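Novice: Supplied structure: upload.csv, CSV, C-alpha atoms.
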```csv
chain,number,residue,atom,x,y,z
A,282,MET,CA,-22.7,16.5,-19.5
A,283,ARG,CA,-26.3,16.7,-18.3
A,284,TYR,CA,-25.7,13.9,-15.8
A,285,PHE,CA,-23.5,16.0,-13.4
A,286,GLU,CA,-24.3,18.9,-11.1
A,287,ASN,CA,-20.7,20.1,-11.3
A,288,TRP,CA,-20.4,19.7,-15.1
A,289,PRO,CA,-18.1,22.7,-15.5
A,290,LEU,CA,-15.4,20.5,-14.0
A,291,TYR,CA,-15.2,18.6,-17.2
A,292,PHE,CA,-14.9,21.6,-19.5
A,293,ASN,CA,-12.3,23.2,-17.2
A,294,TYR,CA,-10.3,19.9,-17.5
A,295,ARG,CA,-10.6,20.0,-21.3
A,296,ARG,CA,-9.4,23.6,-21.5
A,297,SER,CA,-6.5,23.0,-19.2
A,298,VAL,CA,-5.3,19.6,-20.3
A,299,LYS,CA,-1.7,19.6,-21.5
A,300,LYS,CA,0.3,17.3,-23.7
A,301,GLY,CA,1.4,14.3,-21.7
A,302,GLN,CA,-1.3,14.7,-19.0
A,303,GLU,CA,-2.9,11.6,-20.2
A,304,ARG,CA,-0.1,9.8,-18.2
A,305,ASP,CA,-1.0,11.6,-15.0
A,306,TYR,CA,-1.5,8.7,-12.5
A,307,SER,CA,-2.2,10.8,-9.4
A,308,THR,CA,-4.9,13.4,-10.3
A,309,VAL,CA,-8.5,12.4,-9.8
A,310,LEU,CA,-11.5,14.5,-10.9
A,311,HIS,CA,-14.6,14.1,-8.6
A,312,PHE,CA,-17.9,14.4,-10.5
A,313,ARG,CA,-21.2,14.8,-8.6
A,314,THR,CA,-24.1,13.1,-10.4
A,315,ARG,CA,-27.6,14.6,-10.3
A,316,ASN,CA,-28.7,11.7,-8.2
A,317,ARG,CA,-26.0,12.8,-5.7
A,318,PHE,CA,-23.4,10.1,-6.2
A,319,ILE,CA,-19.7,11.0,-6.2
A,320,LEU,CA,-17.7,9.5,-9.1
A,321,GLY,CA,-13.9,9.8,-8.9
A,322,VAL,CA,-12.3,9.6,-12.3
A,323,PRO,CA,-8.5,9.3,-12.6
A,324,VAL,CA,-7.2,11.7,-15.3
A,325,TYR,CA,-5.4,8.8,-16.8
A,326,ARG,CA,-8.8,7.3,-17.7
A,327,MET,CA,-10.7,10.4,-18.7
A,328,HIS,CA,-11.0,9.1,-22.3
A,329,LEU,CA,-13.2,6.3,-21.0
A,330,PHE,CA,-15.3,8.8,-19.1
A,331,GLU,CA,-15.7,10.8,-22.4
A,332,GLU,CA,-16.6,7.7,-24.4
A,333,ILE,CA,-19.3,6.7,-22.0
A,334,PHE,CA,-20.8,10.0,-20.7
A,335,ALA,CA,-20.2,12.4,-23.6
A,336,CYS,CA,-20.2,10.1,-26.7
A,337,HIS,CA,-22.8,7.6,-25.4
A,338,ILE,CA,-20.8,4.7,-26.9
A,339,TYR,CA,-23.0,2.1,-25.0
A,340,TRP,CA,-26.3,3.9,-25.5
A,341,PRO,CA,-26.7,4.9,-29.2
A,342,SER,CA,-29.0,7.7,-30.2
A,343,PHE,CA,-31.1,5.4,-32.4
A,344,TRP,CA,-32.3,3.4,-29.3
A,345,GLY,CA,-34.2,6.5,-28.4
A,346,LYS,CA,-36.6,5.8,-25.6
A,347,PRO,CA,-35.4,4.5,-22.3
A,348,LEU,CA,-36.0,1.0,-21.0
A,349,ASP,CA,-39.6,0.1,-20.2
A,350,ASN,CA,-38.6,-1.2,-16.8
A,351,LYS,CA,-38.2,1.6,-14.2
A,352,ASN,CA,-36.0,-0.7,-12.1
A,353,PRO,CA,-34.0,-2.5,-14.8
A,354,ILE,CA,-31.4,-5.2,-14.3
A,355,VAL,CA,-28.1,-4.2,-16.0
A,356,ILE,CA,-25.0,-6.4,-16.3
A,357,ASP,CA,-21.6,-4.7,-16.7
A,358,ILE,CA,-19.1,-7.2,-18.1
A,359,GLY,CA,-15.6,-5.8,-18.1
A,360,ALA,CA,-16.6,-3.1,-15.5
A,361,ASN,CA,-13.0,-1.7,-15.1
A,362,ILE,CA,-13.4,1.1,-12.5
A,363,GLY,CA,-17.2,1.3,-12.8
A,364,LEU,CA,-17.8,4.2,-15.2
A,365,PHE,CA,-20.5,2.4,-17.2
A,366,SER,CA,-22.2,1.1,-14.0
A,367,PHE,CA,-22.5,4.8,-12.9
A,368,PHE,CA,-23.7,5.8,-16.4
A,369,ALA,CA,-26.5,3.2,-16.1
A,370,LEU,CA,-27.4,4.5,-12.6
A,371,CYS,CA,-27.5,8.0,-14.1
A,372,LEU,CA,-30.0,6.9,-16.7
A,373,PHE,CA,-31.9,4.6,-14.4
A,374,PRO,CA,-31.5,5.5,-10.7
A,375,GLY,CA,-33.5,2.5,-9.6
A,376,ALA,CA,-31.4,0.0,-11.6
A,377,ARG,CA,-29.9,-3.1,-10.2
A,378,ILE,CA,-26.4,-3.5,-11.5
A,379,ILE,CA,-24.2,-6.6,-11.6
A,380,ALA,CA,-20.6,-5.4,-12.2
A,381,ILE,CA,-18.0,-8.0,-13.3
A,382,GLU,CA,-14.3,-7.2,-13.3
A,383,PRO,CA,-11.3,-9.6,-12.9
A,384,ILE,CA,-8.3,-7.3,-12.3
A,385,GLU,CA,-7.6,-6.5,-8.7
A,386,GLU,CA,-6.6,-2.9,-9.2
A,387,ASN,CA,-9.7,-2.0,-11.2
A,388,PHE,CA,-12.0,-4.0,-8.9
A,389,SER,CA,-10.6,-2.4,-5.7
A,390,TRP,CA,-11.3,1.1,-7.1
A,391,LEU,CA,-14.8,0.0,-8.2
A,392,LYS,CA,-15.5,-1.6,-4.8
A,393,ASP,CA,-14.3,1.5,-2.9
A,394,THR,CA,-16.5,3.8,-5.1
A,395,ILE,CA,-19.6,1.7,-4.6
A,396,GLU,CA,-19.1,1.5,-0.8
A,397,ALA,CA,-18.3,5.2,-0.5
A,398,ASN,CA,-21.7,6.0,-2.2
A,399,LYS,CA,-23.5,3.4,-0.1
A,400,LEU,CA,-24.7,1.6,-3.2
A,401,SER,CA,-24.1,-2.0,-2.2
A,402,SER,CA,-27.9,-2.6,-2.2
A,403,LEU,CA,-28.0,-1.7,-5.9
A,404,VAL,CA,-24.7,-2.9,-7.2
A,405,SER,CA,-23.5,-6.4,-6.9
A,406,LEU,CA,-19.8,-6.9,-7.5
A,407,ARG,CA,-18.1,-10.0,-9.0
A,408,GLN,CA,-14.3,-10.3,-9.2
A,409,CYS,CA,-14.0,-12.8,-12.0
A,410,ALA,CA,-13.9,-13.1,-15.7
A,411,LEU,CA,-16.7,-14.5,-17.8
A,412,SER,CA,-16.0,-17.3,-20.3
A,413,SER,CA,-17.5,-20.5,-21.8
A,414,GLN,CA,-17.1,-22.5,-18.6
A,415,ARG,CA,-16.3,-22.3,-14.9
A,416,GLY,CA,-12.7,-22.6,-13.7
A,417,PHE,CA,-9.6,-20.5,-14.1
A,418,VAL,CA,-8.0,-18.8,-17.1
A,419,ASP,CA,-4.8,-16.9,-17.8
A,420,LEU,CA,-5.3,-13.2,-18.2
A,421,TYR,CA,-2.5,-11.5,-20.1
A,422,LEU,CA,-1.7,-8.0,-18.9
A,423,HIS,CA,-0.6,-5.3,-21.2
A,424,GLU,CA,2.0,-2.6,-20.2
A,425,GLU,CA,-0.4,0.3,-20.0
A,426,GLY,CA,-0.1,1.9,-16.6
A,427,HIS,CA,-2.8,2.0,-13.9
A,428,PHE,CA,-6.3,0.7,-14.3
A,429,PRO,CA,-5.6,-1.6,-17.3
A,430,ILE,CA,-8.3,-1.9,-20.0
A,431,PHE,CA,-6.5,-3.9,-22.7
A,432,SER,CA,-5.7,-7.1,-20.7
A,433,SER,CA,-7.1,-10.1,-22.5
A,434,ILE,CA,-7.4,-13.9,-22.3
A,435,LEU,CA,-6.5,-14.0,-26.0
A,436,SER,CA,-3.6,-11.7,-26.6
A,437,VAL,CA,-0.4,-13.3,-25.2
A,438,THR,CA,2.0,-11.1,-23.4
A,439,ASP,CA,4.9,-11.7,-21.0
A,440,ARG,CA,2.8,-11.0,-17.9
A,441,LYS,CA,-0.2,-13.1,-17.0
A,442,ILE,CA,-2.3,-13.8,-13.9
A,443,PRO,CA,-4.8,-16.6,-13.2
A,444,VAL,CA,-8.3,-15.4,-12.7
A,445,PRO,CA,-11.5,-17.3,-11.8
A,446,THR,CA,-14.1,-17.7,-14.6
A,447,LYS,CA,-17.9,-18.1,-14.6
A,448,THR,CA,-20.4,-18.3,-17.4
A,449,LEU,CA,-23.2,-15.8,-18.1
A,450,VAL,CA,-25.6,-18.6,-17.1
A,451,ASP,CA,-23.9,-18.8,-13.7
A,452,ILE,CA,-24.4,-15.1,-13.1
A,453,PHE,CA,-28.1,-15.4,-14.0
A,454,GLU,CA,-28.5,-18.3,-11.6
A,455,GLU,CA,-26.5,-16.9,-8.7
A,456,GLU,CA,-28.2,-13.4,-9.0
A,457,LYS,CA,-31.6,-15.0,-9.5
A,458,ILE,CA,-32.2,-13.1,-12.7
A,459,ASP,CA,-35.1,-14.2,-14.9
A,460,ARG,CA,-35.0,-11.2,-17.2
A,461,CYS,CA,-32.1,-8.8,-18.0
A,462,ASP,CA,-32.8,-5.4,-19.5
A,463,TRP,CA,-29.4,-4.5,-20.7
A,464,ILE,CA,-25.9,-6.1,-20.9
A,465,LYS,CA,-22.7,-4.3,-21.8
A,466,LEU,CA,-19.7,-6.3,-22.8
A,467,ASP,CA,-16.2,-4.9,-23.2
A,468,CYS,CA,-14.0,-7.8,-22.4
A,469,GLU,CA,-11.2,-7.7,-25.0
A,470,GLY,CA,-12.2,-10.6,-27.2
A,471,ALA,CA,-13.9,-12.9,-24.6
A,472,GLU,CA,-17.3,-11.8,-25.9
A,473,TYR,CA,-17.4,-14.6,-28.4
A,474,GLU,CA,-16.7,-17.4,-25.8
A,475,ILE,CA,-19.3,-15.8,-23.5
A,476,LEU,CA,-22.1,-15.4,-26.0
A,477,TYR,CA,-21.5,-18.4,-28.4
A,478,ASN,CA,-21.7,-20.8,-25.5
A,479,CYS,CA,-25.0,-19.5,-24.0
A,480,PRO,CA,-28.1,-21.6,-24.4
A,481,GLY,CA,-30.5,-20.2,-26.9
A,482,SER,CA,-33.2,-19.8,-24.2
A,483,LEU,CA,-31.1,-17.3,-22.4
A,484,PHE,CA,-31.2,-14.7,-25.2
A,485,LYS,CA,-35.0,-14.6,-24.9
A,486,THR,CA,-34.5,-13.1,-21.4
A,487,ILE,CA,-32.0,-10.4,-22.5
A,488,HIS,CA,-33.6,-7.3,-23.9
A,489,ARG,CA,-30.6,-5.3,-25.1
A,490,LEU,CA,-26.8,-5.7,-25.6
A,491,SER,CA,-24.1,-3.2,-26.2
A,492,ILE,CA,-20.9,-5.0,-27.2
A,493,GLU,CA,-17.4,-3.9,-28.2
A,494,ALA,CA,-16.4,-6.7,-30.5
A,495,HIS,CA,-12.7,-7.3,-31.1
A,496,ARG,CA,-11.5,-9.2,-34.1
A,497,GLY,CA,-10.0,-12.5,-33.1
A,498,GLU,CA,-8.0,-15.3,-34.7
A,499,LYS,CA,-10.5,-18.1,-34.2
A,500,PRO,CA,-13.2,-18.8,-36.8
A,501,GLY,CA,-16.4,-16.8,-36.1
A,502,HIS,CA,-14.5,-14.3,-33.9
A,503,THR,CA,-15.5,-11.3,-36.0
A,504,ALA,CA,-18.0,-8.5,-35.5
A,505,GLU,CA,-19.8,-9.6,-38.8
A,506,THR,CA,-20.2,-13.1,-37.5
A,507,LEU,CA,-21.4,-12.0,-34.1
A,508,GLN,CA,-23.9,-9.7,-35.8
A,509,MET,CA,-25.4,-12.6,-37.8
A,510,PHE,CA,-25.4,-14.8,-34.7
A,511,LEU,CA,-27.4,-12.3,-32.7
A,512,THR,CA,-29.8,-11.6,-35.6
A,513,LYS,CA,-30.6,-15.3,-35.6
A,514,LYS,CA,-31.4,-15.1,-31.9
A,515,GLY,CA,-34.1,-12.6,-32.7
A,516,TYR,CA,-32.4,-9.3,-32.2
A,517,VAL,CA,-32.4,-6.2,-34.4
A,518,VAL,CA,-28.7,-5.6,-34.7
A,519,LYS,CA,-26.7,-2.6,-35.8
A,520,ARG,CA,-22.9,-2.5,-36.1
A,521,LYS,CA,-20.6,0.5,-36.1
A,522,ASP,CA,-17.1,-0.2,-37.1
A,523,ILE,CA,-14.5,1.7,-34.9
A,524,SER,CA,-11.3,0.4,-36.6
A,525,GLU,CA,-10.1,-2.6,-38.5
A,526,GLN,CA,-9.9,-4.5,-35.3
A,527,SER,CA,-13.0,-3.5,-33.3
A,528,SER,CA,-16.7,-2.6,-33.7
A,529,MET,CA,-19.6,-1.6,-31.6
A,530,ILE,CA,-22.6,-3.9,-31.8
A,531,TYR,CA,-26.1,-2.9,-30.5
A,532,ALA,CA,-28.7,-5.6,-30.3
A,533,LEU,CA,-32.4,-5.0,-29.4
A,534,GLN,CA,-34.7,-8.0,-28.8
A,535,THR,CA,-37.8,-7.8,-30.9
```
Can the structure in the file be given as structure tokens, please?
Specialist:
Amino acid sequence: MRYFENWPLYFNYRRSVKKGQERDYSTVLHFRTRNRFILGVPVYRMHLFEEIFACHIYWPSFWGKPLDNKNPIVIDIGANIGLFSFFALCLFPGARIIAIEPIEENFSWLKDTIEANKLSSLVSLRQCALSSQRGFVDLYLHEEGHFPIFSSILSVTDRKIPVPTKTLVDIFEEEKIDRCDWIKLDCEGAEYEILYNCPGSLFKTIHRLSIEAHRGEKPGHTAETLQMFLTKKGYVVKRKDISEQSSMIYALQT
């Protein structure tokens, strides 16, 4: 927990957590990063905090050295309440972040956190989903309490909401990006539509990708196929299987 000045807060939480507390919707732990940001984490989503800050799920140990650019551009696709965005700022305090999140509840928490820390000059917020084309798509909501993470454009449920969509190319053009140092994708199956429909030239401008790949029903919607796809685009790719349905993919442009 080297990223936080008040790191004992995490260990006190781990010692005191009780069975059923994972459904605590009201308690928020406030972590103070070493670059003086305040990150509020609902106890209900502490498992995400642990994955990102303790387990380094998006920055594997074999990547070793930090990014060459002291002021990297990082795109957070599926930002949820912004934990990865803050992790990137802990690693690279001068980073420019583009955080993309379609769900109102998540986006509002993220927006309030960014504004409270006066980070609007470093973090650009986009309330939309990414897909293969512009427009709108139905996002199916899972019954999972506050700050949903499993909502998907692929998995049909009884509840759905229309959300606007953009492409990754749209984001590059609108944000005037000519090189992206790091992209994180955790978008519950939409990663294939996003990446498979990008022009080949775009991948030459993306240095690293951290992708949580979810097995889908369409041909090619598997972690194995996505790994081969990225390898053909010039990346060194490693895959770590999490379960039968999901894998982490780490791609580094050679």
Novice: Measure the distance from CA of Gln414 in chain A to CA of Ile487 in chain A in Å and round it to one decimal.
Specialist: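 Here the two named atoms are 19.6 Å from each other.
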Novice: Need to verify the contact set: Thr394 in chain A, 8 Å, only C-alpha atoms, exclusion of same-chain residues closer than 3 positions in sequence. Can you return it as a list in words?
Specialist: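 These residues fall inside the cut-off: Ile319, Leu320, Gly321, Trp390, Leu391, Ala397 and Asn398 of chain A.
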Novice: May I ask which of the residues A:Lys485, A:Arg295, A:Arg440, A:Lys447 is the closest one to Leu411 in chain A, counting all atoms listed in the file?
Specialist: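 Ranked by minimum distance to Leu411 in chain A, first place goes to A:Lys447.
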Novice: So which residues fall inside 10 Å of (-11.1, -9.4, -12.9) if we count all atoms listed in the file? Mind giving them as a list in words?
Specialist: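 The answer, in the requested form, is Ile358, Gly359, Ala360, Asn361, Ile381, Glu382, Pro383, Ile384, Glu385, Glu386, Asn387, Phe388, Arg407, Gln408, Cys409, Ala410, Leu411, Leu420, Ser432, Ile442, Pro443, Val444, Pro445 and Thr446 of chain A.
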Novice: How many Å separate CA of Ile530 in chain A from CA of Val355 in chain A?
Specialist: 16.7 Å
Novice: Select, from A:Glu286, A:Asp357, A:Asp522, A:Glu331, the residue with the minimum atom-to-atom distance to Asp462 in chain A, counting only C-alpha atoms.
Specialist: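 Among the listed residues, A:Asp357 lies closest to Asp462 in chain A.
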Novice: A:Val309, A:Ala369, A:Lys441, A:Pro500: which is nearest Leu422 in chain A, counting all atoms listed in the file?
Specialist: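 The answer is A:Lys441, which sits nearest to Leu422 in chain A.
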Novice: Neighbouring residues of range 497-499 of chain A were defined as those with any atom within 10 Å, considering all atoms listed in the file; residues of the same chain fewer than 3 positions away were excluded. Please report them as JSON, numbers by chain.
Specialist: {"A": [435, 436, 469, 470, 471, 473, 494, 502, 503, 504, 526, 527]}
Novice: Which of these, A:Glu472, A:Glu454, A:Asp467, A:Glu525, has the shortest distance to Tyr339 in chain A once you count only C-alpha atoms?
Specialist: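 Among the listed residues, the smallest separation from Tyr339 in chain A belongs to A:Asp467.
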Novice: Between A:Leu507, A:Met529, A:Leu372, A:Ile395, which residue has the minimum interatomic distance to Asn352 in chain A, considering all atoms listed in the file?
Specialist: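 Closest residue, counting all atoms listed in the file: A:Leu372.
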